[in-house]
file data_36.csv (CSV, C-alpha atoms and all ligand atoms)
chain,number,residue,atom,x,y,z
P,1,MET,CA,-12.0,24.6,5.7
P,2,THR,CA,-9.8,23.9,8.7
P,3,GLN,CA,-9.8,20.3,9.8
P,4,ARG,CA,-9.7,19.7,13.5
P,5,LEU,CA,-9.3,16.4,15.3
P,6,THR,CA,-9.7,15.9,19.0
P,7,ILE,CA,-8.6,12.7,20.6
P,8,THR,CA,-8.2,11.4,24.1
P,9,ARG,CA,-4.7,12.5,25.3
P,10,PRO,CA,-2.2,10.0,23.9
P,11,ASP,CA,0.4,8.0,25.9
P,12,ASP,CA,3.8,6.7,24.8
P,13,TRP,CA,4.2,3.0,25.7
P,14,HIS,CA,8.0,3.0,24.9
P,15,LEU,CA,10.2,6.0,25.7
P,16,HIS,CA,13.8,6.7,26.6
P,17,LEU,CA,14.3,9.7,28.9
P,18,ARG,CA,17.9,9.1,30.0
P,19,ASP,CA,19.3,11.0,32.9
P,20,GLY,CA,21.0,14.3,33.9
P,21,ALA,CA,21.1,17.1,31.3
P,22,VAL,CA,19.4,15.0,28.6
P,23,LEU,CA,16.6,14.0,30.9
P,24,ARG,CA,16.0,17.6,31.8
P,25,ALA,CA,15.9,18.6,28.1
P,26,VAL,CA,13.7,15.8,26.7
P,27,THR,CA,11.1,15.3,29.4
P,28,PRO,CA,9.2,18.5,28.6
P,29,GLU,CA,9.1,17.4,24.9
P,30,THR,CA,7.1,14.3,25.8
P,31,ALA,CA,5.1,15.9,28.7
P,32,ARG,CA,3.8,18.6,26.2
P,33,HIS,CA,1.6,16.1,24.4
P,34,PHE,CA,1.5,12.9,26.3
P,35,GLY,CA,-0.3,11.9,29.4
P,36,ARG,CA,2.0,9.0,30.4
P,37,ALA,CA,4.9,7.1,29.1
P,38,ILE,CA,6.5,3.7,29.8
P,39,VAL,CA,10.1,4.8,30.6
P,40,MET,CA,12.9,2.4,29.5
P,41,PRO,CA,15.4,1.4,32.2
P,42,ASN,CA,18.5,1.1,30.1
P,43,LEU,CA,20.5,3.8,31.9
P,44,VAL,CA,24.2,3.3,32.8
P,45,PRO,CA,24.0,1.5,35.2
P,46,PRO,CA,20.6,0.1,34.4
P,47,VAL,CA,17.5,0.5,36.6
P,48,VAL,CA,17.4,-3.0,38.1
P,49,SER,CA,15.6,-2.7,41.4
P,50,ALA,CA,12.5,-1.2,43.0
P,51,VAL,CA,14.7,1.2,45.0
P,52,GLU,CA,16.5,2.4,41.8
P,53,ALA,CA,13.2,2.8,39.9
P,54,ALA,CA,11.8,4.9,42.7
P,55,ALA,CA,14.9,7.2,42.7
P,56,TYR,CA,14.8,7.5,38.9
P,57,ARG,CA,11.1,8.3,39.1
P,58,GLU,CA,11.9,11.2,41.4
P,59,ARG,CA,14.6,12.5,38.9
P,60,ILE,CA,12.0,12.4,36.1
P,61,MET,CA,9.4,14.2,38.2
P,62,ASP,CA,11.9,16.9,38.8
P,63,ALA,CA,12.2,17.4,35.1
P,64,VAL,CA,8.5,17.5,34.4
P,65,PRO,CA,7.3,21.1,33.9
P,66,SER,CA,5.2,22.3,36.8
P,67,ASP,CA,2.1,23.0,34.6
P,68,SER,CA,2.1,19.4,33.3
P,69,ASP,CA,0.2,16.3,34.6
P,70,PHE,CA,2.6,13.9,32.8
P,71,THR,CA,3.1,10.6,34.7
P,72,PRO,CA,6.1,8.4,34.1
P,73,LEU,CA,5.3,4.7,34.2
P,74,MET,CA,8.4,2.9,35.4
P,75,THR,CA,10.0,-0.3,34.3
P,76,LEU,CA,12.7,-2.6,35.6
P,77,TYR,CA,15.6,-3.9,33.6
P,78,LEU,CA,15.6,-7.7,33.7
P,79,THR,CA,19.0,-9.3,34.5
P,80,GLU,CA,19.9,-12.9,35.3
P,81,THR,CA,20.1,-11.9,39.0
P,82,THR,CA,16.8,-10.0,39.2
P,83,ASP,CA,15.0,-11.0,42.4
P,84,PRO,CA,11.3,-12.2,41.8
P,85,ALA,CA,10.3,-10.8,45.2
P,86,ASP,CA,11.6,-7.4,44.4
P,87,VAL,CA,9.7,-7.4,41.1
P,88,ALA,CA,6.5,-8.5,42.9
P,89,TYR,CA,7.0,-5.8,45.5
P,90,ALA,CA,7.6,-3.1,42.9
P,91,ALA,CA,4.5,-4.1,41.0
P,92,ALA,CA,2.3,-4.4,44.1
P,93,THR,CA,3.2,-0.9,45.3
P,94,GLY,CA,2.2,0.5,41.8
P,95,LEU,CA,5.8,1.8,41.3
P,96,VAL,CA,6.5,-0.4,38.3
P,97,SER,CA,4.3,-1.1,35.2
P,98,ALA,CA,6.4,-3.6,33.3
P,99,VAL,CA,9.8,-5.3,33.2
P,100,LYS,CA,12.0,-5.0,30.2
P,101,LEU,CA,13.9,-7.9,28.6
P,102,TYR,CA,16.9,-7.0,26.6
P,103,PRO,CA,18.8,-9.9,25.1
P,104,ALA,CA,22.4,-9.1,26.1
P,105,GLY,CA,24.2,-7.1,23.5
P,106,ALA,CA,21.1,-6.4,21.3
P,107,THR,CA,21.1,-2.7,21.6
P,108,THR,CA,22.2,0.5,23.6
P,109,ASN,CA,23.2,-0.4,27.2
P,110,SER,CA,22.0,-4.0,26.9
P,111,GLN,CA,25.2,-5.6,28.2
P,112,SER,CA,23.5,-6.5,31.5
P,113,GLY,CA,20.6,-8.1,29.7
P,114,VAL,CA,19.6,-11.7,29.4
P,115,ARG,CA,21.9,-14.4,27.9
P,116,ASN,CA,20.0,-17.4,29.0
P,117,ILE,CA,16.2,-17.4,29.3
P,118,ASP,CA,16.2,-20.3,31.8
P,119,ALA,CA,18.0,-18.0,34.3
P,120,VAL,CA,15.1,-15.6,34.4
P,121,MET,CA,12.2,-18.1,34.4
P,122,PRO,CA,11.5,-17.6,38.2
P,123,VAL,CA,11.0,-13.9,37.5
P,124,LEU,CA,8.9,-14.5,34.5
P,125,GLU,CA,6.7,-17.1,36.4
P,126,THR,CA,6.1,-14.5,39.1
P,127,MET,CA,5.2,-11.9,36.5
P,128,ALA,CA,2.8,-14.3,34.8
P,129,GLU,CA,1.1,-14.9,38.2
P,130,ILE,CA,0.7,-11.3,39.0
P,131,GLY,CA,-0.1,-10.2,35.4
P,132,LEU,CA,2.9,-7.8,35.1
P,133,PRO,CA,3.7,-7.2,31.4
P,134,LEU,CA,7.1,-8.1,30.0
P,135,CYS,CA,8.3,-5.7,27.3
P,136,VAL,CA,10.6,-7.5,24.9
P,137,HIS,CA,13.3,-6.2,22.7
P,138,GLY,CA,12.8,-8.9,20.1
P,139,GLU,CA,16.1,-9.4,18.3
P,140,VAL,CA,18.6,-12.3,18.5
P,141,THR,CA,22.2,-11.3,18.9
P,142,THR,CA,23.8,-14.4,17.3
P,143,PRO,CA,26.6,-13.1,15.2
P,144,ASP,CA,25.8,-15.3,12.2
P,145,VAL,CA,22.2,-14.0,12.0
P,146,ASP,CA,21.9,-11.1,9.5
P,147,ILE,CA,20.8,-7.9,11.2
P,148,PHE,CA,17.8,-7.6,9.0
P,149,ASP,CA,16.6,-11.1,10.0
P,150,ARG,CA,17.1,-10.8,13.8
P,151,GLU,CA,13.5,-10.0,14.7
P,152,ALA,CA,12.0,-12.8,12.7
P,153,VAL,CA,14.6,-15.3,14.1
P,154,PHE,CA,13.9,-14.1,17.6
P,155,ILE,CA,10.2,-14.7,17.3
P,156,GLU,CA,10.7,-18.2,16.1
P,157,THR,CA,13.6,-19.3,18.3
P,158,VAL,CA,13.0,-17.3,21.6
P,159,LEU,CA,9.6,-15.6,21.8
P,160,ASP,CA,7.3,-18.4,20.6
P,161,PRO,CA,9.0,-21.1,22.7
P,162,LEU,CA,8.8,-18.8,25.7
P,163,ARG,CA,5.1,-18.1,25.2
P,164,GLN,CA,4.4,-21.8,24.8
P,165,ARG,CA,6.2,-22.5,28.0
P,166,LEU,CA,4.5,-19.7,29.9
P,167,PRO,CA,1.2,-18.9,28.0
P,168,THR,CA,-0.1,-16.7,30.8
P,169,LEU,CA,2.8,-14.3,30.6
P,170,ARG,CA,1.6,-10.9,29.3
P,171,VAL,CA,4.1,-9.8,26.6
P,172,VAL,CA,4.5,-6.6,24.6
P,173,MET,CA,6.6,-7.1,21.5
P,174,GLU,CA,8.4,-3.7,21.5
P,175,HIS,CA,9.0,-1.7,18.3
P,176,ILE,CA,8.1,-4.4,15.8
P,177,THR,CA,9.6,-3.7,12.4
P,178,THR,CA,8.6,-6.6,10.2
P,179,GLU,CA,5.6,-8.3,8.6
P,180,GLU,CA,6.6,-11.4,10.6
P,181,GLY,CA,6.3,-9.3,13.8
P,182,VAL,CA,2.8,-8.1,12.7
P,183,LYS,CA,1.7,-11.6,11.8
P,184,TYR,CA,2.9,-13.0,15.1
P,185,ALA,CA,1.3,-10.3,17.2
P,186,ARG,CA,-2.0,-11.0,15.3
P,187,SER,CA,-1.7,-14.7,16.0
P,188,GLY,CA,-1.6,-14.2,19.8
P,189,GLY,CA,-4.4,-14.1,22.2
P,190,GLU,CA,-5.2,-11.5,24.9
P,191,ASN,CA,-1.7,-11.8,26.5
P,192,LEU,CA,0.2,-10.5,23.5
P,193,ALA,CA,0.4,-7.0,22.1
P,194,ALA,CA,3.0,-5.0,20.0
P,195,THR,CA,4.2,-1.4,20.0
P,196,ILE,CA,5.1,0.4,16.8
P,197,THR,CA,7.3,3.5,16.5
P,198,THR,CA,6.4,6.6,14.5
P,199,HIS,CA,9.7,6.4,12.6
P,200,HIS,CA,9.2,2.8,11.4
P,201,LEU,CA,5.8,3.9,9.9
P,202,ILE,CA,7.7,6.5,7.9
P,203,ILE,CA,11.2,5.3,6.9
P,204,ASN,CA,12.5,2.1,5.3
P,205,ARG,CA,16.1,1.1,4.9
P,206,ASN,CA,16.5,3.1,1.7
P,207,ASN,CA,15.9,6.3,3.7
P,208,LEU,CA,18.8,5.1,5.9
P,209,LEU,CA,21.3,4.1,3.3
P,210,VAL,CA,20.5,5.5,-0.2
P,211,GLY,CA,22.4,8.6,-1.3
P,212,GLY,CA,24.6,8.7,1.8
P,213,ILE,CA,24.3,7.2,5.2
P,214,ARG,CA,21.8,9.0,7.5
P,215,PRO,CA,22.9,8.4,11.0
P,216,HIS,CA,19.8,10.1,12.5
P,217,TYR,CA,17.7,7.3,10.9
P,218,TYR,CA,19.8,4.6,12.5
P,219,CYS,CA,18.0,2.8,15.2
P,220,LEU,CA,17.4,-0.7,16.5
P,221,PRO,CA,15.7,-2.7,15.3
P,222,VAL,CA,17.0,-1.2,12.1
P,223,ALA,CA,14.4,-0.1,9.5
P,224,LYS,CA,13.6,-2.8,7.1
P,225,ARG,CA,12.5,-3.0,3.4
P,226,GLU,CA,9.4,-1.3,2.1
P,227,LYS,CA,7.0,-4.3,2.4
P,228,HIS,CA,7.7,-4.3,6.1
P,229,ARG,CA,7.0,-0.6,6.5
P,230,LEU,CA,3.7,-1.2,4.7
P,231,ALA,CA,2.8,-4.1,7.0
P,232,LEU,CA,3.4,-1.8,10.0
P,233,ARG,CA,1.2,0.9,8.5
P,234,ASP,CA,-1.5,-1.7,7.9
P,235,ALA,CA,-1.3,-2.9,11.5
P,236,ALA,CA,-1.2,0.5,13.1
P,237,THR,CA,-4.2,1.9,11.1
P,238,SER,CA,-6.2,-1.3,11.2
P,239,GLY,CA,-8.0,-0.6,14.5
P,240,ASP,CA,-6.7,-3.9,15.9
P,241,SER,CA,-6.3,-3.2,19.6
P,242,ARG,CA,-3.2,-5.3,19.9
P,243,PHE,CA,-1.2,-2.6,18.2
P,244,PHE,CA,-0.4,0.7,20.0
P,245,LEU,CA,2.1,3.6,20.0
P,246,GLY,CA,5.5,3.2,21.5
P,247,THR,CA,7.7,5.9,20.0
P,248,ASP,CA,11.0,4.5,21.2
P,249,SER,CA,12.1,8.2,21.1
P,250,ALA,CA,15.7,7.6,22.0
P,251,PRO,CA,17.8,10.7,22.3
P,252,HIS,CA,21.6,10.7,21.8
P,253,LEU,CA,23.8,13.8,21.6
P,254,ASP,CA,24.7,14.6,18.0
P,255,PRO,CA,28.4,13.8,18.3
P,256,LEU,CA,27.5,10.3,19.5
P,257,LYS,CA,25.3,9.8,16.4
P,258,LEU,CA,27.6,11.4,13.9
P,259,SER,CA,30.5,9.1,14.6
P,260,ALA,CA,32.3,6.3,12.9
P,261,CYS,CA,30.4,4.0,15.3
P,262,GLY,CA,27.2,5.9,15.9
P,263,CYS,CA,24.6,5.1,18.5
P,264,ALA,CA,21.2,3.6,17.6
P,265,GLY,CA,18.2,5.8,18.3
P,266,VAL,CA,15.8,8.2,16.7
P,267,PHE,CA,14.6,11.2,18.8
P,268,SER,CA,11.0,11.9,17.9
P,269,ALA,CA,9.2,13.0,21.0
P,270,SER,CA,8.6,16.6,19.9
P,271,ASN,CA,6.9,16.0,16.6
P,272,THR,CA,5.6,12.5,16.9
P,273,VAL,CA,1.9,13.4,17.2
P,274,SER,CA,2.1,15.6,14.1
P,275,CYS,CA,3.9,12.8,12.2
P,276,LEU,CA,1.3,10.3,13.2
P,277,ALA,CA,-1.6,12.4,12.1
P,278,ALA,CA,0.2,12.7,8.7
P,279,VAL,CA,0.6,8.9,8.5
P,280,PHE,CA,-2.9,8.2,9.5
P,281,GLU,CA,-4.2,10.8,7.0
P,282,GLN,CA,-2.1,9.3,4.2
P,283,GLU,CA,-3.7,5.9,5.0
P,284,SER,CA,-7.2,7.5,5.1
P,285,ALA,CA,-7.4,6.3,8.7
P,286,LEU,CA,-7.6,9.4,10.9
P,287,ASP,CA,-10.5,7.8,12.7
P,288,LYS,CA,-8.1,5.1,13.9
P,289,LEU,CA,-5.5,7.4,15.4
P,290,GLU,CA,-7.1,7.7,18.8
P,291,GLY,CA,-7.2,3.9,19.2
P,292,PHE,CA,-3.6,3.5,18.3
P,293,ALA,CA,-2.2,6.5,20.3
P,294,SER,CA,-4.6,6.8,23.2
P,295,LEU,CA,-6.9,3.8,23.8
P,296,ASN,CA,-5.2,0.4,22.9
P,297,GLY,CA,-2.2,0.9,25.2
P,298,PRO,CA,-4.2,1.6,28.4
P,299,ALA,CA,-6.5,-1.3,27.6
P,300,PHE,CA,-3.5,-3.7,27.4
P,301,TYR,CA,-1.9,-2.3,30.5
P,302,ARG,CA,-5.2,-2.4,32.3
P,303,LEU,CA,-5.1,1.4,33.1
P,304,PRO,CA,-7.8,4.0,32.5
P,305,THR,CA,-7.5,6.1,29.5
P,306,ASN,CA,-6.5,9.7,30.0
P,307,ALA,CA,-9.4,12.0,31.1
P,308,ASP,CA,-8.4,15.0,29.0
P,309,SER,CA,-7.9,15.4,25.3
P,310,LEU,CA,-5.5,16.7,22.7
P,311,THR,CA,-6.6,18.7,19.6
P,312,LEU,CA,-4.9,18.8,16.3
P,313,GLU,CA,-5.6,21.3,13.5
P,314,LYS,CA,-4.6,20.9,9.9
P,315,ARG,CA,-3.2,24.2,8.6
P,316,ALA,CA,-1.8,25.3,5.2
P,317,THR,CA,1.3,26.6,7.0
P,318,PRO,CA,3.6,23.7,8.0
P,319,CYS,CA,4.4,23.2,11.7
P,320,GLU,CA,7.7,24.7,12.8
P,321,TYR,CA,9.5,22.1,14.9
P,322,PRO,CA,13.1,22.8,15.6
P,323,ALA,CA,15.7,20.8,13.8
P,324,HIS,CA,17.3,19.9,17.1
P,325,ILE,CA,16.8,20.6,20.8
P,326,ASP,CA,19.6,21.9,23.0
P,327,THR,CA,20.8,20.3,26.2
P,328,GLU,CA,23.5,21.4,28.6
P,329,ASP,CA,25.6,18.6,27.1
P,330,GLY,CA,24.9,19.5,23.4
P,331,PRO,CA,22.3,19.2,20.7
P,332,ILE,CA,20.0,16.3,19.9
P,333,THR,CA,18.6,16.2,16.4
P,334,LEU,CA,14.8,15.7,16.0
P,335,PHE,CA,13.4,13.1,13.6
P,336,ASP,CA,12.9,14.5,10.1
P,337,PRO,CA,10.0,12.7,8.5
P,338,GLY,CA,11.1,14.0,5.1
P,339,PHE,CA,7.8,15.9,4.4
P,340,ASP,CA,6.2,19.0,5.8
P,341,LEU,CA,3.9,18.5,8.8
P,342,HIS,CA,0.6,20.3,8.6
P,343,TRP,CA,-1.2,18.8,11.7
P,344,HIS,CA,-0.5,21.3,14.5
P,345,VAL,CA,-1.1,20.4,18.1
P,346,VAL,CA,-3.2,23.3,19.4
P,401,LIG,O1,17.4,2.6,18.5
P,401,LIG,C1,17.3,2.2,19.7
P,401,LIG,N1,17.7,3.0,20.6
P,401,LIG,N2,16.9,1.0,20.0
P,401,LIG,C2,16.9,0.5,21.2
P,401,LIG,O2,16.5,-0.6,21.4
P,401,LIG,C3,17.5,1.3,22.3
P,401,LIG,C4,17.5,2.7,22.0
P,401,LIG,C5,18.4,3.5,22.9
P,401,LIG,O3,18.4,3.3,24.1
P,401,LIG,O4,19.1,4.4,22.4
P,402,ZN,ZN,13.8,1.5,23.1

call {"tool": "encode", "arguments": {"input": "data_36.csv", "output": "structure tokens"}}
result
Amino acid sequence: MTQRLTITRPDDWHLHLRDGAVLRAVTPETARHFGRAIVMPNLVPPVVSAVEAAAYRERIMDAVPSDSDFTPLMTLYLTETTDPADVAYAAATGLVSAVKLYPAGATTNSQSGVRNIDAVMPVLETMAEIGLPLCVHGEVTTPDVDIFDREAVFIETVLDPLRQRLPTLRVVMEHITTEEGVKYARSGGENLAATITTHHLIINRNNLLVGGIRPHYYCLPVAKREKHRLALRDAATSGDSRFFLGTDSAPHLDPLKLSACGCAGVFSASNTVSCLAAVFEQESALDKLEGFASLNGPAFYRLPTNADSLTLEKRATPCEYPAHIDTEDGPITLFDPGFDLHWHVV
């Protein structure tokens, strides 16, 4: 018997669309299945002002296929010179849905990020007042902290002190990768939530490193040991509304991944929904997929859920997703979950 699953159309609460040829190639991949996406601002140069966010939104809309209702939700890149009034204006006009905090040097194009939290307190205080969420890349950049410990150390030394100082600030812990992240998100009240990527539910650090290095599994925060992956699966499939999908689909051209100093990022937009259905089925939690992918995110962002739906069908024949997508600048490899996908989006 064919199994079918219809859910409210999902949203992606953490997505990289880039610009130019890559933007044109990857936007349709997300627009095919998702209603909305929180679009990351780490372009070169970054999207730091309302004017820049409005212009970037236009470029994204130009890349959305004409038969799609996809809506990009814009973010601003927080710098130590961000003007609180500009943030308040961008939020009041509905242009911007969140502000992104990158600790300087933590990841791709984060050089303009924050070195000293004190320098951005006026912006964060304004955001707390108006209820605008702060999306946080939660890793310290201190050279003497091991890369596998950077999330846990960030929670203890940066995030928790910040939240104690400004308890009304609404915070999304982006792409959590550890049991410490899960535990901290669970300990928060209504002002704290966490996104989880598809790939961190599927790979651990062995997939990245055993039997040869797999550059296409390299992302930040880096995949951790198995117990952390299991904690993420438990959180995502628990039905706890504080956890929702943020794919962190992060396209990089293949030559930039397959390099002696390869870029961090997993591109998963095209097959994420099929991967998630597999994960939730493996966890006997298909009934929790809609909450994670379609309901919990809008609830935190105080937006209505999508009015339409998406149907998946489990078939004996595996889905045929391409190994890579082509852009005018070259190919981008699609995330390989390491197993056949049988849940087709119909
Ligand atoms: O793996 C990642 N890629 N992590 C990030 O935080 C940034 C992203 C990117 O922009 O490529
Ligand atoms: Zn990201």

call {"tool": "residues_near_ligand", "arguments": {"input": "data_36.csv", "ligand": "ligand ZN 402 (chain P)", "cutoff": "8 Å", "atoms": "all atoms listed in the file", "output": "compact mmCIF listing (two decimals) with C-alpha atoms, keeping the file's coordinate frame"}}
result
# COMPACT_ATOMS: atom_id res chain seq x y z
CA HIS P 14 8.00 3.00 24.90
CA LEU P 15 10.20 6.00 25.70
CA HIS P 16 13.80 6.70 26.60
CA MET P 40 12.90 2.40 29.50
CA HIS P 137 13.30 -6.20 22.70
CA GLU P 174 8.40 -3.70 21.50
CA HIS P 175 9.00 -1.70 18.30
CA LEU P 220 17.40 -0.70 16.50
CA ASP P 248 11.00 4.50 21.20
CA SER P 249 12.10 8.20 21.10
CA ALA P 250 15.70 7.60 22.00
CA GLY P 265 18.20 5.80 18.30

call {"tool": "residues_around", "arguments": {"input": "data_36.csv", "residues": "His216 (chain P)", "least_positions_apart": "6", "cutoff": "12 Å", "atoms": "all atoms listed in the file", "output": "PyMOL selection string"}}
result
chain P and resi 199+203+207-209+222-223+249-259+262-268+323-324+332-337

call {"tool": "residues_around", "arguments": {"input": "data_36.csv", "residues": "Ser97 (chain P)", "least_positions_apart": "6", "cutoff": "7 Å", "atoms": "only C-alpha atoms", "output": "list in words"}}
result
Leu73, Met74, Thr75, Ala91 and Leu132 of chain P

call {"tool": "atom_distance", "arguments": {"input": "data_36.csv", "atom1": "CA of Ala31 (chain P)", "atom2": "CA of Ser68 (chain P)"}}
result
6.5 Å

call {"tool": "residues_around", "arguments": {"input": "data_36.csv", "residues": "Val87 (chain P)", "least_positions_apart": "2", "cutoff": "12 Å", "atoms": "all atoms listed in the file", "output": "MDAnalysis selection string"}}
result
chainID P and resid 47:53 74:79 81:85 89:100 120 122:134

call {"tool": "residues_around", "arguments": {"input": "data_36.csv", "residues": "Phe244 (chain P)", "least_positions_apart": "3", "cutoff": "12 Å", "atoms": "only C-alpha atoms", "output": "PyMOL selection string"}}
result
chain P and resi 10-14+172-176+182+185+192-198+232-233+235-241+247+276+288-301

call {"tool": "atom_distance", "arguments": {"input": "data_36.csv", "atom1": "atom O4 of ligand LIG 401 (chain P)", "atom2": "CA of Pro221 (chain P)"}}
result
10.6 Å

call {"tool": "atom_distance", "arguments": {"input": "data_36.csv", "atom1": "CA of Thr311 (chain P)", "atom2": "CA of Arg32 (chain P)"}}
result
12.3 Å

call {"tool": "closest_residue", "arguments": {"input": "data_36.csv", "among": "P:Ser284, P:Thr177, P:Thr71, P:Thr157", "to": "ligand LIG 401 (chain P)", "atoms": "all atoms listed in the file"}}
result
P:Thr177

call {"tool": "closest_residue", "arguments": {"input": "data_36.csv", "among": "P:Ala54, P:Ala63, P:Ile147, P:Ala106", "to": "ligand LIG 401 (chain P)", "atoms": "all atoms listed in the file"}}
result
P:Ala106

call {"tool": "decode", "arguments": {"input": "data_36.csv", "residues": "region 245-299 of chain P", "atoms": "C-alpha atoms", "output": "PDB file, in the first residue's frame"}}
result
ATOM      1  CA  LEU P 245      13.746  23.328  10.636  1.00  0.00           C
ATOM      2  CA  GLY P 246      16.496  25.604   9.403  1.00  0.00           C
ATOM      3  CA  THR P 247      18.261  23.705   6.645  1.00  0.00           C
ATOM      4  CA  ASP P 248      21.319  25.997   6.515  1.00  0.00           C
ATOM      5  CA  SER P 249      21.435  24.907   2.884  1.00  0.00           C
ATOM      6  CA  ALA P 250      24.650  26.716   1.956  1.00  0.00           C
ATOM      7  CA  PRO P 251      25.697  26.408  -1.692  1.00  0.00           C
ATOM      8  CA  HIS P 252      29.326  26.703  -2.706  1.00  0.00           C
ATOM      9  CA  LEU P 253      30.656  25.958  -6.185  1.00  0.00           C
ATOM     10  CA  ASP P 254      32.395  22.573  -6.285  1.00  0.00           C
ATOM     11  CA  PRO P 255      35.912  23.932  -6.898  1.00  0.00           C
ATOM     12  CA  LEU P 256      35.581  26.002  -3.730  1.00  0.00           C
ATOM     13  CA  LYS P 257      34.574  22.917  -1.705  1.00  0.00           C
ATOM     14  CA  LEU P 258      37.099  20.565  -3.321  1.00  0.00           C
ATOM     15  CA  SER P 259      40.111  22.583  -2.351  1.00  0.00           C
ATOM     16  CA  ALA P 260      43.026  22.389   0.078  1.00  0.00           C
ATOM     17  CA  CYS P 261      41.110  24.991   2.116  1.00  0.00           C
ATOM     18  CA  GLY P 262      37.504  24.149   1.285  1.00  0.00           C
ATOM     19  CA  CYS P 263      34.482  26.280   2.179  1.00  0.00           C
ATOM     20  CA  ALA P 264      32.030  25.251   4.898  1.00  0.00           C
ATOM     21  CA  GLY P 265      28.504  24.523   3.743  1.00  0.00           C
ATOM     22  CA  VAL P 266      26.154  21.716   2.754  1.00  0.00           C
ATOM     23  CA  PHE P 267      23.717  22.351  -0.085  1.00  0.00           C
ATOM     24  CA  SER P 268      20.527  20.446   0.707  1.00  0.00           C
ATOM     25  CA  ALA P 269      17.630  22.568  -0.588  1.00  0.00           C
ATOM     26  CA  SER P 270      16.519  20.185  -3.357  1.00  0.00           C
ATOM     27  CA  ASN P 271      16.157  16.962  -1.357  1.00  0.00           C
ATOM     28  CA  THR P 272      15.710  18.220   2.215  1.00  0.00           C
ATOM     29  CA  VAL P 273      12.008  17.366   2.467  1.00  0.00           C
ATOM     30  CA  SER P 274      12.581  13.778   1.279  1.00  0.00           C
ATOM     31  CA  CYS P 275      15.527  13.439   3.688  1.00  0.00           C
ATOM     32  CA  LEU P 276      13.443  14.711   6.606  1.00  0.00           C
ATOM     33  CA  ALA P 277      10.604  12.310   5.880  1.00  0.00           C
ATOM     34  CA  ALA P 278      13.155   9.471   5.953  1.00  0.00           C
ATOM     35  CA  VAL P 279      14.603  10.667   9.273  1.00  0.00           C
ATOM     36  CA  PHE P 280      11.194  11.080  10.912  1.00  0.00           C
ATOM     37  CA  GLU P 281      10.122   7.664   9.623  1.00  0.00           C
ATOM     38  CA  GLN P 282      13.317   6.074  10.981  1.00  0.00           C
ATOM     39  CA  GLU P 283      12.401   7.603  14.353  1.00  0.00           C
ATOM     40  CA  SER P 284       8.758   6.404  14.077  1.00  0.00           C
ATOM     41  CA  ALA P 285       7.755  10.051  14.269  1.00  0.00           C
ATOM     42  CA  LEU P 286       6.211  10.908  10.913  1.00  0.00           C
ATOM     43  CA  ASP P 287       3.368  12.512  12.861  1.00  0.00           C
ATOM     44  CA  LYS P 288       5.872  15.069  14.224  1.00  0.00           C
ATOM     45  CA  LEU P 289       7.251  16.154  10.849  1.00  0.00           C
ATOM     46  CA  GLU P 290       4.629  18.826  10.278  1.00  0.00           C
ATOM     47  CA  GLY P 291       5.304  20.479  13.633  1.00  0.00           C
ATOM     48  CA  PHE P 292       9.047  20.590  12.991  1.00  0.00           C
ATOM     49  CA  ALA P 293       8.932  21.678   9.348  1.00  0.00           C
ATOM     50  CA  SER P 294       5.734  23.721   9.095  1.00  0.00           C
ATOM     51  CA  LEU P 295       4.225  24.817  12.424  1.00  0.00           C
ATOM     52  CA  ASN P 296       6.819  25.529  15.117  1.00  0.00           C
ATOM     53  CA  GLY P 297       8.781  28.079  13.077  1.00  0.00           C
ATOM     54  CA  PRO P 298       5.835  30.355  12.250  1.00  0.00           C
ATOM     55  CA  ALA P 299       4.694  30.128  15.875  1.00  0.00           C
TER      56      ALA P 299
END
